[in-house]
>>> print(open('upload.txt').read())   # compact mmCIF, N, CA and C atoms
# COMPACT_ATOMS: atom_id res chain seq x y z
N MET A 1 131.06 125.06 78.78
CA MET A 1 129.65 125.02 78.45
C MET A 1 129.01 126.30 78.99
N SER A 2 128.25 126.93 78.16
CA SER A 2 127.64 128.18 78.60
C SER A 2 126.54 127.91 79.63
N ARG A 3 126.24 128.93 80.35
CA ARG A 3 125.23 128.83 81.39
C ARG A 3 123.85 128.47 80.82
N LEU A 4 123.49 129.06 79.71
CA LEU A 4 122.21 128.79 79.06
C LEU A 4 122.13 127.35 78.58
N LEU A 5 123.21 126.84 78.04
CA LEU A 5 123.24 125.46 77.56
C LEU A 5 123.11 124.48 78.71
N ARG A 6 123.81 124.75 79.82
CA ARG A 6 123.69 123.89 81.00
C ARG A 6 122.27 123.91 81.53
N CYS A 7 121.63 125.06 81.53
CA CYS A 7 120.25 125.18 81.99
C CYS A 7 119.32 124.36 81.09
N ARG A 8 119.52 124.42 79.79
CA ARG A 8 118.69 123.63 78.86
C ARG A 8 118.89 122.14 79.07
N VAL A 9 120.12 121.73 79.33
CA VAL A 9 120.40 120.31 79.56
C VAL A 9 119.74 119.85 80.85
N LEU A 10 119.87 120.66 81.92
CA LEU A 10 119.30 120.29 83.20
C LEU A 10 117.78 120.24 83.16
N ILE A 11 117.15 121.12 82.43
CA ILE A 11 115.69 121.16 82.35
C ILE A 11 115.18 120.26 81.23
N GLY A 12 115.88 120.23 80.12
CA GLY A 12 115.41 119.50 78.95
C GLY A 12 115.41 118.00 79.12
N SER A 13 116.41 117.44 79.79
CA SER A 13 116.48 115.99 79.96
C SER A 13 115.31 115.43 80.75
N PRO A 14 114.99 115.99 81.92
CA PRO A 14 113.82 115.48 82.64
C PRO A 14 112.52 115.66 81.86
N LEU A 15 112.38 116.76 81.14
CA LEU A 15 111.16 116.97 80.36
C LEU A 15 111.05 115.97 79.22
N ARG A 16 112.18 115.65 78.59
CA ARG A 16 112.16 114.63 77.53
C ARG A 16 111.80 113.28 78.12
N PHE A 17 112.34 112.99 79.31
CA PHE A 17 112.01 111.71 79.95
C PHE A 17 110.53 111.64 80.27
N LEU A 18 109.96 112.71 80.82
CA LEU A 18 108.54 112.70 81.16
C LEU A 18 107.65 112.60 79.93
N ALA A 19 108.14 112.99 78.79
CA ALA A 19 107.37 112.88 77.56
C ALA A 19 107.45 111.47 76.97
N SER A 20 108.40 110.67 77.45
CA SER A 20 108.52 109.30 76.94
C SER A 20 107.47 108.40 77.60
N ARG A 21 107.34 107.20 77.08
CA ARG A 21 106.37 106.25 77.64
C ARG A 21 106.72 105.89 79.08
N ALA A 22 108.00 105.65 79.34
CA ALA A 22 108.43 105.33 80.71
C ALA A 22 108.19 106.51 81.65
N GLY A 23 108.45 107.70 81.16
CA GLY A 23 108.23 108.90 81.97
C GLY A 23 106.77 109.10 82.31
N LEU A 24 105.90 108.80 81.34
CA LEU A 24 104.47 108.92 81.61
C LEU A 24 104.01 107.90 82.65
N PHE A 25 104.59 106.70 82.62
CA PHE A 25 104.26 105.72 83.65
C PHE A 25 104.74 106.17 85.02
N VAL A 26 105.91 106.80 85.08
CA VAL A 26 106.42 107.33 86.35
C VAL A 26 105.50 108.44 86.85
N LEU A 27 105.11 109.34 85.96
CA LEU A 27 104.20 110.42 86.33
C LEU A 27 102.85 109.88 86.79
N LEU A 28 102.35 108.90 86.06
CA LEU A 28 101.07 108.28 86.44
C LEU A 28 101.19 107.60 87.80
N SER A 29 102.29 106.93 88.03
CA SER A 29 102.51 106.28 89.32
C SER A 29 102.52 107.30 90.45
N PHE A 30 103.18 108.43 90.22
CA PHE A 30 103.22 109.49 91.23
C PHE A 30 101.81 110.02 91.52
N LEU A 31 101.03 110.27 90.47
CA LEU A 31 99.67 110.79 90.66
C LEU A 31 98.77 109.78 91.36
N VAL A 32 98.89 108.52 91.01
CA VAL A 32 98.10 107.48 91.67
C VAL A 32 98.52 107.37 93.14
N ALA A 33 99.81 107.46 93.42
CA ALA A 33 100.28 107.40 94.81
C ALA A 33 99.77 108.57 95.63
N VAL A 34 99.75 109.76 95.03
CA VAL A 34 99.22 110.94 95.74
C VAL A 34 97.75 110.75 96.04
N GLN A 35 96.98 110.31 95.05
CA GLN A 35 95.55 110.11 95.27
C GLN A 35 95.32 109.00 96.29
N ASP A 36 96.10 107.95 96.21
CA ASP A 36 95.98 106.84 97.13
C ASP A 36 96.28 107.27 98.56
N THR A 37 97.32 108.06 98.74
CA THR A 37 97.69 108.55 100.07
C THR A 37 96.60 109.45 100.63
N TYR A 38 96.08 110.34 99.79
CA TYR A 38 94.99 111.22 100.23
C TYR A 38 93.77 110.41 100.63
N ALA A 39 93.40 109.45 99.78
CA ALA A 39 92.21 108.64 100.05
C ALA A 39 92.36 107.83 101.32
N SER A 40 93.50 107.18 101.49
CA SER A 40 93.72 106.37 102.69
C SER A 40 93.67 107.20 103.95
N THR A 41 94.33 108.34 103.93
CA THR A 41 94.36 109.21 105.10
C THR A 41 92.97 109.73 105.42
N LEU A 42 92.25 110.15 104.40
CA LEU A 42 90.90 110.67 104.60
C LEU A 42 89.97 109.60 105.16
N ALA A 43 89.97 108.43 104.54
CA ALA A 43 89.07 107.36 104.99
C ALA A 43 89.44 106.89 106.40
N ALA A 44 90.73 106.73 106.67
CA ALA A 44 91.14 106.27 108.00
C ALA A 44 90.82 107.29 109.08
N SER A 45 91.05 108.57 108.79
CA SER A 45 90.77 109.58 109.79
C SER A 45 89.27 109.72 110.06
N GLN A 46 88.47 109.65 109.00
CA GLN A 46 87.02 109.69 109.22
C GLN A 46 86.54 108.46 109.98
N PHE A 47 87.08 107.31 109.64
CA PHE A 47 86.71 106.08 110.34
C PHE A 47 87.05 106.17 111.82
N LEU A 48 88.28 106.57 112.12
CA LEU A 48 88.71 106.64 113.52
C LEU A 48 87.97 107.73 114.28
N ALA A 49 87.64 108.84 113.63
CA ALA A 49 86.91 109.91 114.30
C ALA A 49 85.47 109.49 114.63
N ARG A 50 84.86 108.71 113.77
CA ARG A 50 83.45 108.34 113.97
C ARG A 50 83.28 107.03 114.73
N ILE A 51 84.14 106.06 114.46
CA ILE A 51 83.98 104.73 115.08
C ILE A 51 84.96 104.55 116.23
N GLY A 52 86.19 104.97 116.04
CA GLY A 52 87.21 104.80 117.07
C GLY A 52 88.03 103.54 116.84
N ALA A 53 89.05 103.39 117.65
CA ALA A 53 89.97 102.26 117.50
C ALA A 53 89.31 100.92 117.78
N GLN A 54 88.24 100.92 118.57
CA GLN A 54 87.58 99.66 118.89
C GLN A 54 86.88 99.04 117.67
N GLY A 55 86.69 99.81 116.60
CA GLY A 55 86.06 99.29 115.40
C GLY A 55 87.02 98.68 114.40
N VAL A 56 88.32 98.80 114.64
CA VAL A 56 89.32 98.31 113.69
C VAL A 56 89.26 96.79 113.50
N PRO A 57 89.13 95.98 114.56
CA PRO A 57 89.06 94.53 114.32
C PRO A 57 87.88 94.12 113.42
N LEU A 58 86.73 94.72 113.64
CA LEU A 58 85.58 94.41 112.79
C LEU A 58 85.83 94.86 111.36
N TYR A 59 86.51 95.99 111.20
CA TYR A 59 86.83 96.46 109.86
C TYR A 59 87.69 95.44 109.12
N TYR A 60 88.70 94.88 109.78
CA TYR A 60 89.58 93.92 109.12
C TYR A 60 88.82 92.63 108.75
N ILE A 61 87.89 92.23 109.55
CA ILE A 61 87.07 91.07 109.21
C ILE A 61 86.22 91.39 107.99
N LEU A 62 85.57 92.56 107.98
CA LEU A 62 84.78 92.97 106.83
C LEU A 62 85.64 93.15 105.58
N ASN A 63 86.84 93.66 105.76
CA ASN A 63 87.74 93.85 104.62
C ASN A 63 88.05 92.51 103.96
N ALA A 64 88.34 91.50 104.75
CA ALA A 64 88.61 90.17 104.19
C ALA A 64 87.36 89.60 103.53
N ALA A 65 86.21 89.77 104.18
CA ALA A 65 84.96 89.23 103.65
C ALA A 65 84.55 89.89 102.34
N VAL A 66 84.90 91.14 102.15
CA VAL A 66 84.54 91.87 100.93
C VAL A 66 85.63 91.74 99.87
N SER A 67 86.88 91.78 100.27
CA SER A 67 87.99 91.78 99.32
C SER A 67 88.12 90.48 98.55
N ILE A 68 87.90 89.35 99.20
CA ILE A 68 88.08 88.06 98.53
C ILE A 68 87.07 87.88 97.40
N PRO A 69 85.77 88.09 97.61
CA PRO A 69 84.84 87.98 96.47
C PRO A 69 85.10 89.05 95.40
N PHE A 70 85.48 90.23 95.82
CA PHE A 70 85.76 91.29 94.85
C PHE A 70 86.97 90.93 94.00
N ALA A 71 88.01 90.37 94.60
CA ALA A 71 89.19 89.95 93.85
C ALA A 71 88.84 88.83 92.87
N THR A 72 87.96 87.95 93.26
CA THR A 72 87.51 86.88 92.37
C THR A 72 86.78 87.47 91.18
N LEU A 73 85.89 88.41 91.43
CA LEU A 73 85.16 89.08 90.35
C LEU A 73 86.13 89.85 89.46
N PHE A 74 87.07 90.54 90.06
CA PHE A 74 88.05 91.32 89.32
C PHE A 74 88.87 90.44 88.39
N SER A 75 89.31 89.28 88.88
CA SER A 75 90.14 88.40 88.06
C SER A 75 89.36 87.80 86.90
N SER A 76 88.05 87.69 87.03
CA SER A 76 87.26 87.16 85.93
C SER A 76 86.90 88.24 84.90
N VAL A 77 86.94 89.50 85.29
CA VAL A 77 86.56 90.60 84.40
C VAL A 77 87.75 91.19 83.66
N ILE A 78 88.93 91.15 84.27
CA ILE A 78 90.05 91.91 83.73
C ILE A 78 90.46 91.48 82.32
N ASP A 79 90.29 90.22 81.98
CA ASP A 79 90.69 89.76 80.65
C ASP A 79 89.63 89.99 79.58
N ARG A 80 88.47 90.42 79.96
CA ARG A 80 87.39 90.62 78.99
C ARG A 80 87.37 92.01 78.38
N PHE A 81 88.03 92.97 79.00
CA PHE A 81 88.00 94.36 78.54
C PHE A 81 89.43 94.87 78.41
N PRO A 82 89.64 95.91 77.60
CA PRO A 82 90.98 96.50 77.52
C PRO A 82 91.42 97.05 78.87
N ARG A 83 92.62 96.69 79.27
CA ARG A 83 93.11 97.08 80.60
C ARG A 83 93.26 98.58 80.75
N ARG A 84 93.69 99.25 79.70
CA ARG A 84 93.83 100.71 79.78
C ARG A 84 92.48 101.36 80.04
N GLN A 85 91.45 100.84 79.39
CA GLN A 85 90.11 101.39 79.57
C GLN A 85 89.61 101.11 80.99
N LEU A 86 89.81 99.91 81.48
CA LEU A 86 89.41 99.58 82.85
C LEU A 86 90.15 100.45 83.86
N PHE A 87 91.45 100.66 83.62
CA PHE A 87 92.23 101.52 84.52
C PHE A 87 91.70 102.94 84.52
N ALA A 88 91.42 103.46 83.33
CA ALA A 88 90.91 104.84 83.23
C ALA A 88 89.55 104.97 83.92
N TYR A 89 88.66 104.03 83.69
CA TYR A 89 87.35 104.08 84.34
C TYR A 89 87.47 103.91 85.86
N GLY A 90 88.32 102.99 86.29
CA GLY A 90 88.52 102.79 87.72
C GLY A 90 89.09 104.03 88.39
N LEU A 91 90.07 104.63 87.74
CA LEU A 91 90.68 105.85 88.29
C LEU A 91 89.68 107.00 88.31
N GLY A 92 88.87 107.11 87.27
CA GLY A 92 87.84 108.15 87.23
C GLY A 92 86.81 107.96 88.33
N LEU A 93 86.36 106.73 88.50
CA LEU A 93 85.39 106.43 89.56
C LEU A 93 85.99 106.68 90.94
N PHE A 94 87.24 106.31 91.12
CA PHE A 94 87.93 106.55 92.39
C PHE A 94 88.05 108.05 92.66
N THR A 95 88.30 108.83 91.63
CA THR A 95 88.38 110.29 91.78
C THR A 95 87.03 110.85 92.21
N ILE A 96 85.96 110.39 91.60
CA ILE A 96 84.62 110.86 91.98
C ILE A 96 84.32 110.48 93.43
N ILE A 97 84.68 109.27 93.82
CA ILE A 97 84.47 108.83 95.20
C ILE A 97 85.24 109.73 96.16
N MET A 98 86.47 110.10 95.79
CA MET A 98 87.27 110.95 96.67
C MET A 98 86.74 112.37 96.75
N ILE A 99 86.02 112.81 95.75
CA ILE A 99 85.40 114.14 95.81
C ILE A 99 84.15 114.10 96.68
N VAL A 100 83.40 113.02 96.59
CA VAL A 100 82.13 112.89 97.32
C VAL A 100 82.35 112.50 98.78
N LEU A 101 83.35 111.67 99.05
CA LEU A 101 83.56 111.13 100.39
C LEU A 101 83.64 112.18 101.50
N PRO A 102 84.39 113.26 101.34
CA PRO A 102 84.48 114.22 102.45
C PRO A 102 83.18 114.96 102.74
N VAL A 103 82.27 115.04 101.78
CA VAL A 103 81.06 115.82 102.00
C VAL A 103 79.86 114.97 102.41
N LEU A 104 80.05 113.65 102.52
CA LEU A 104 78.95 112.80 102.96
C LEU A 104 78.64 113.07 104.43
N PRO A 105 77.36 113.14 104.76
CA PRO A 105 77.02 113.35 106.18
C PRO A 105 77.29 112.08 106.98
N PRO A 106 77.63 112.22 108.25
CA PRO A 106 77.89 111.04 109.09
C PRO A 106 76.57 110.32 109.43
N ILE A 107 76.20 109.35 108.63
CA ILE A 107 74.94 108.62 108.81
C ILE A 107 75.23 107.28 109.47
N GLY A 108 74.88 107.13 110.70
CA GLY A 108 74.99 105.85 111.39
C GLY A 108 76.41 105.32 111.50
N LYS A 109 76.49 104.08 111.93
CA LYS A 109 77.78 103.42 112.13
C LYS A 109 78.25 102.69 110.88
N ALA A 110 77.37 102.39 109.94
CA ALA A 110 77.74 101.61 108.76
C ALA A 110 78.50 102.45 107.72
N MET A 111 78.21 103.72 107.63
CA MET A 111 78.83 104.55 106.59
C MET A 111 80.35 104.64 106.72
N PRO A 112 80.93 104.85 107.90
CA PRO A 112 82.41 104.87 107.98
C PRO A 112 83.04 103.55 107.55
N TYR A 113 82.40 102.42 107.92
CA TYR A 113 82.91 101.12 107.49
C TYR A 113 82.86 101.01 105.96
N ALA A 114 81.74 101.40 105.38
CA ALA A 114 81.57 101.32 103.93
C ALA A 114 82.57 102.23 103.21
N ASN A 115 82.74 103.45 103.71
CA ASN A 115 83.70 104.38 103.09
C ASN A 115 85.11 103.80 103.11
N TYR A 116 85.50 103.31 104.25
CA TYR A 116 86.86 102.77 104.39
C TYR A 116 87.05 101.54 103.50
N LEU A 117 86.05 100.68 103.45
CA LEU A 117 86.13 99.49 102.59
C LEU A 117 86.22 99.87 101.11
N VAL A 118 85.40 100.82 100.68
CA VAL A 118 85.42 101.23 99.27
C VAL A 118 86.78 101.80 98.91
N VAL A 119 87.33 102.64 99.77
CA VAL A 119 88.63 103.24 99.49
C VAL A 119 89.70 102.17 99.41
N ARG A 120 89.74 101.25 100.35
CA ARG A 120 90.76 100.21 100.35
C ARG A 120 90.63 99.29 99.13
N ILE A 121 89.42 98.95 98.75
CA ILE A 121 89.22 98.09 97.59
C ILE A 121 89.67 98.81 96.31
N PHE A 122 89.33 100.08 96.18
CA PHE A 122 89.76 100.82 95.00
C PHE A 122 91.28 101.01 94.98
N GLU A 123 91.89 101.16 96.14
CA GLU A 123 93.35 101.25 96.17
C GLU A 123 93.97 100.00 95.56
N HIS A 124 93.50 98.85 96.02
CA HIS A 124 94.04 97.59 95.49
C HIS A 124 93.73 97.43 94.01
N LEU A 125 92.55 97.82 93.62
CA LEU A 125 92.14 97.71 92.22
C LEU A 125 93.01 98.59 91.32
N ILE A 126 93.19 99.84 91.69
CA ILE A 126 93.96 100.78 90.88
C ILE A 126 95.42 100.33 90.79
N TRP A 127 96.01 99.92 91.90
CA TRP A 127 97.41 99.47 91.84
C TRP A 127 97.54 98.18 91.06
N SER A 128 96.57 97.30 91.13
CA SER A 128 96.61 96.07 90.34
C SER A 128 96.59 96.41 88.85
N PHE A 129 95.70 97.30 88.44
CA PHE A 129 95.66 97.73 87.05
C PHE A 129 96.98 98.36 86.65
N TYR A 130 97.52 99.20 87.50
CA TYR A 130 98.75 99.91 87.15
C TYR A 130 99.88 98.90 86.92
N TYR A 131 100.05 97.95 87.83
CA TYR A 131 101.14 96.99 87.68
C TYR A 131 100.93 96.07 86.48
N ILE A 132 99.69 95.76 86.16
CA ILE A 132 99.41 94.96 84.96
C ILE A 132 99.77 95.75 83.72
N LEU A 133 99.46 97.05 83.71
CA LEU A 133 99.79 97.88 82.55
C LEU A 133 101.29 98.03 82.36
N VAL A 134 102.01 98.17 83.48
CA VAL A 134 103.46 98.34 83.38
C VAL A 134 104.06 97.05 82.87
>>> encode(input="upload.txt", output="structure tokens")
Amino acid sequence: MSRLLRCRVLIGSPLRFLASRAGLFVLLSFLVAVQDTYASTLAASQFLARIGAQGVPLYYILNAAVSIPFATLFSSVIDRFPRRQLFAYGLGLFTIIMIVLPVLPPIGKAMPYANYLVVRIFEHLIWSFYYILV
């Protein structure tokens, strides 16, 4: 096998896979994971820098108090709209939040809690949509 042909096979196969439906889901999963990792790290570091470790127990209580009603609302809405559209809007909104989050001024003690809660809720929401789509 010539060198050029081997190069085409090595490069062409992954590119063909990424152009397939399964490949696009893999690529989408990678991009969502990158955004999720960035968002989690950013929110956690800002939270710990502003509130400190002593605020973590209250955060987990607030997370449960906010996540349960939000999950209930989510489960009632998801069947009413196209899932692809909800995923795209959720991902777009999450992207906007991640652009705005680092530039927000540190206002009081409530803002770090709110930022961290919003990021965690959107993480769960985006991954839920992704797994439903797959």
>>> atom_distance(input="upload.txt", atom1="atom CA of A:Ser45", atom2="atom N of A:Leu62")
17.9 Å
>>> atom_distance(input="upload.txt", atom1="atom N of A:Val32", atom2="atom N of A:Leu133")
13.6 Å
>>> residues_near_point(input="upload.txt", point="(85.5, 108.8, 91.4)", cutoff="12 Å", atoms="only C-alpha atoms", output="PyMOL selection string")
chain A and resi 35+39+88-101+118-119+122-123+126
>>> atom_distance(input="upload.txt", atom1="atom CA of A:Phe81", atom2="atom CA of A:Tyr38")
28.3 Å
>>> residues_near_point(input="upload.txt", point="(105.2, 101.2, 78.4)", cutoff="8 Å", atoms="only N, CA and C atoms", output="number ranges by chain")
A: 20-23, 25, 133-134
>>> closest_residue(input="upload.txt", among="A:Asn63, A:Phe30, A:Ile107, A:Asp79", to="A:Ile121", atoms="all atoms listed in the file")
A:Asn63
>>> axis_aligned_box(input="upload.txt", around="stretch 20-32 of chain A", padding_each_side="4 Å", output="lines of an AutoDock Vina configuration file")
center_x = 103.3
center_y = 108.1
center_z = 85.0
size_x = 18.4
size_y = 13.5
size_z = 24.2
>>> residues_around(input="upload.txt", residues="A:Gln46", least_positions_apart="3", cutoff="12 Å", atoms="only C-alpha atoms", output="list in words")
Ala39, Ser40, Thr41, Leu42, Ala43, Ala49, Arg50, Ile51, Gly52, Ala53, Leu101, Pro102, Val103, Leu104, Pro105, Pro106, Lys109, Met111, Pro112, Tyr113, Ala114, Asn115, Tyr116 and Val119 of chain A
>>> write_last_selection(input="upload.txt", atoms="N, CA and C atoms", output="mmCIF file, keeping the file's coordinate frame")
data_model
loop_
_atom_site.group_PDB
_atom_site.id
_atom_site.type_symbol
_atom_site.label_atom_id
_atom_site.label_comp_id
_atom_site.auth_asym_id
_atom_site.auth_seq_id
_atom_site.Cartn_x
_atom_site.Cartn_y
_atom_site.Cartn_z
ATOM 1 N N ALA A 39 93.400 109.450 99.780
ATOM 2 C CA ALA A 39 92.210 108.640 100.050
ATOM 3 C C ALA A 39 92.360 107.830 101.320
ATOM 4 N N SER A 40 93.500 107.180 101.490
ATOM 5 C CA SER A 40 93.720 106.370 102.690
ATOM 6 C C SER A 40 93.670 107.200 103.950
ATOM 7 N N THR A 41 94.330 108.340 103.930
ATOM 8 C CA THR A 41 94.360 109.210 105.100
ATOM 9 C C THR A 41 92.970 109.730 105.420
ATOM 10 N N LEU A 42 92.250 110.150 104.400
ATOM 11 C CA LEU A 42 90.900 110.670 104.600
ATOM 12 C C LEU A 42 89.970 109.600 105.160
ATOM 13 N N ALA A 43 89.970 108.430 104.540
ATOM 14 C CA ALA A 43 89.070 107.360 104.990
ATOM 15 C C ALA A 43 89.440 106.890 106.400
ATOM 16 N N ALA A 49 87.640 108.840 113.630
ATOM 17 C CA ALA A 49 86.910 109.910 114.300
ATOM 18 C C ALA A 49 85.470 109.490 114.630
ATOM 19 N N ARG A 50 84.860 108.710 113.770
ATOM 20 C CA ARG A 50 83.450 108.340 113.970
ATOM 21 C C ARG A 50 83.280 107.030 114.730
ATOM 22 N N ILE A 51 84.140 106.060 114.460
ATOM 23 C CA ILE A 51 83.980 104.730 115.080
ATOM 24 C C ILE A 51 84.960 104.550 116.230
ATOM 25 N N GLY A 52 86.190 104.970 116.040
ATOM 26 C CA GLY A 52 87.210 104.800 117.070
ATOM 27 C C GLY A 52 88.030 103.540 116.840
ATOM 28 N N ALA A 53 89.050 103.390 117.650
ATOM 29 C CA ALA A 53 89.970 102.260 117.500
ATOM 30 C C ALA A 53 89.310 100.920 117.780
ATOM 31 N N LEU A 101 83.350 111.670 99.050
ATOM 32 C CA LEU A 101 83.560 111.130 100.390
ATOM 33 C C LEU A 101 83.640 112.180 101.500
ATOM 34 N N PRO A 102 84.390 113.260 101.340
ATOM 35 C CA PRO A 102 84.480 114.220 102.450
ATOM 36 C C PRO A 102 83.180 114.960 102.740
ATOM 37 N N VAL A 103 82.270 115.040 101.780
ATOM 38 C CA VAL A 103 81.060 115.820 102.000
ATOM 39 C C VAL A 103 79.860 114.970 102.410
ATOM 40 N N LEU A 104 80.050 113.650 102.520
ATOM 41 C CA LEU A 104 78.950 112.800 102.960
ATOM 42 C C LEU A 104 78.640 113.070 104.430
ATOM 43 N N PRO A 105 77.360 113.140 104.760
ATOM 44 C CA PRO A 105 77.020 113.350 106.180
ATOM 45 C C PRO A 105 77.290 112.080 106.980
ATOM 46 N N PRO A 106 77.630 112.220 108.250
ATOM 47 C CA PRO A 106 77.890 111.040 109.090
ATOM 48 C C PRO A 106 76.570 110.320 109.430
ATOM 49 N N LYS A 109 76.490 104.080 111.930
ATOM 50 C CA LYS A 109 77.780 103.420 112.130
ATOM 51 C C LYS A 109 78.250 102.690 110.880
ATOM 52 N N MET A 111 78.210 103.720 107.630
ATOM 53 C CA MET A 111 78.830 104.550 106.590
ATOM 54 C C MET A 111 80.350 104.640 106.720
ATOM 55 N N PRO A 112 80.930 104.850 107.900
ATOM 56 C CA PRO A 112 82.410 104.870 107.980
ATOM 57 C C PRO A 112 83.040 103.550 107.550
ATOM 58 N N TYR A 113 82.400 102.420 107.920
ATOM 59 C CA TYR A 113 82.910 101.120 107.490
ATOM 60 C C TYR A 113 82.860 101.010 105.960
ATOM 61 N N ALA A 114 81.740 101.400 105.380
ATOM 62 C CA ALA A 114 81.570 101.320 103.930
ATOM 63 C C ALA A 114 82.570 102.230 103.210
ATOM 64 N N ASN A 115 82.740 103.450 103.710
ATOM 65 C CA ASN A 115 83.700 104.380 103.090
ATOM 66 C C ASN A 115 85.110 103.800 103.110
ATOM 67 N N TYR A 116 85.500 103.310 104.250
ATOM 68 C CA TYR A 116 86.860 102.770 104.390
ATOM 69 C C TYR A 116 87.050 101.540 103.500
ATOM 70 N N VAL A 119 87.330 102.640 99.770
ATOM 71 C CA VAL A 119 88.630 103.240 99.490
ATOM 72 C C VAL A 119 89.700 102.170 99.410
#
>>> select_by_dssp(input="upload.txt", residues="chain A", states="alpha helix (DSSP H)", output="PyMOL selection string")
chain A and resi 3-19+21-50+56-77+83-100+110-133
>>> decode(input="upload.txt", residues="stretch 99-111 of chain A", atoms="N, CA and C atoms", output="PDB file, in the first residue's frame")
ATOM      1  N   ILE A  99     -20.529  32.865  29.176  1.00  0.00           N
ATOM      2  CA  ILE A  99     -19.822  34.062  28.721  1.00  0.00           C
ATOM      3  C   ILE A  99     -19.992  35.191  29.735  1.00  0.00           C
ATOM      4  N   VAL A 100     -21.180  35.290  30.315  1.00  0.00           N
ATOM      5  CA  VAL A 100     -21.493  36.379  31.246  1.00  0.00           C
ATOM      6  C   VAL A 100     -20.941  36.107  32.648  1.00  0.00           C
ATOM      7  N   LEU A 101     -20.943  34.853  33.073  1.00  0.00           N
ATOM      8  CA  LEU A 101     -20.562  34.500  34.440  1.00  0.00           C
ATOM      9  C   LEU A 101     -19.203  35.040  34.890  1.00  0.00           C
ATOM     10  N   PRO A 102     -18.149  34.919  34.097  1.00  0.00           N
ATOM     11  CA  PRO A 102     -16.849  35.407  34.579  1.00  0.00           C
ATOM     12  C   PRO A 102     -16.768  36.923  34.734  1.00  0.00           C
ATOM     13  N   VAL A 103     -17.619  37.678  34.048  1.00  0.00           N
ATOM     14  CA  VAL A 103     -17.504  39.130  34.110  1.00  0.00           C
ATOM     15  C   VAL A 103     -18.476  39.770  35.100  1.00  0.00           C
ATOM     16  N   LEU A 104     -19.297  38.953  35.773  1.00  0.00           N
ATOM     17  CA  LEU A 104     -20.206  39.514  36.765  1.00  0.00           C
ATOM     18  C   LEU A 104     -19.420  40.026  37.970  1.00  0.00           C
ATOM     19  N   PRO A 105     -19.790  41.192  38.472  1.00  0.00           N
ATOM     20  CA  PRO A 105     -19.085  41.693  39.658  1.00  0.00           C
ATOM     21  C   PRO A 105     -19.481  40.886  40.893  1.00  0.00           C
ATOM     22  N   PRO A 106     -18.580  40.767  41.848  1.00  0.00           N
ATOM     23  CA  PRO A 106     -18.900  40.017  43.077  1.00  0.00           C
ATOM     24  C   PRO A 106     -19.864  40.824  43.964  1.00  0.00           C
ATOM     25  N   ILE A 107     -21.146  40.594  43.812  1.00  0.00           N
ATOM     26  CA  ILE A 107     -22.169  41.331  44.556  1.00  0.00           C
ATOM     27  C   ILE A 107     -22.678  40.458  45.691  1.00  0.00           C
ATOM     28  N   GLY A 108     -22.334  40.786  46.887  1.00  0.00           N
ATOM     29  CA  GLY A 108     -22.866  40.100  48.061  1.00  0.00           C
ATOM     30  C   GLY A 108     -22.529  38.621  48.132  1.00  0.00           C
ATOM     31  N   LYS A 109     -23.186  37.961  49.069  1.00  0.00           N
ATOM     32  CA  LYS A 109     -22.956  36.536  49.296  1.00  0.00           C
ATOM     33  C   LYS A 109     -23.898  35.666  48.475  1.00  0.00           C
ATOM     34  N   ALA A 110     -25.000  36.210  47.982  1.00  0.00           N
ATOM     35  CA  ALA A 110     -25.987  35.400  47.260  1.00  0.00           C
ATOM     36  C   ALA A 110     -25.548  35.088  45.824  1.00  0.00           C
ATOM     37  N   MET A 111     -24.804  35.966  45.199  1.00  0.00           N
ATOM     38  CA  MET A 111     -24.432  35.773  43.797  1.00  0.00           C
ATOM     39  C   MET A 111     -23.597  34.514  43.565  1.00  0.00           C
TER      40      MET A 111
END
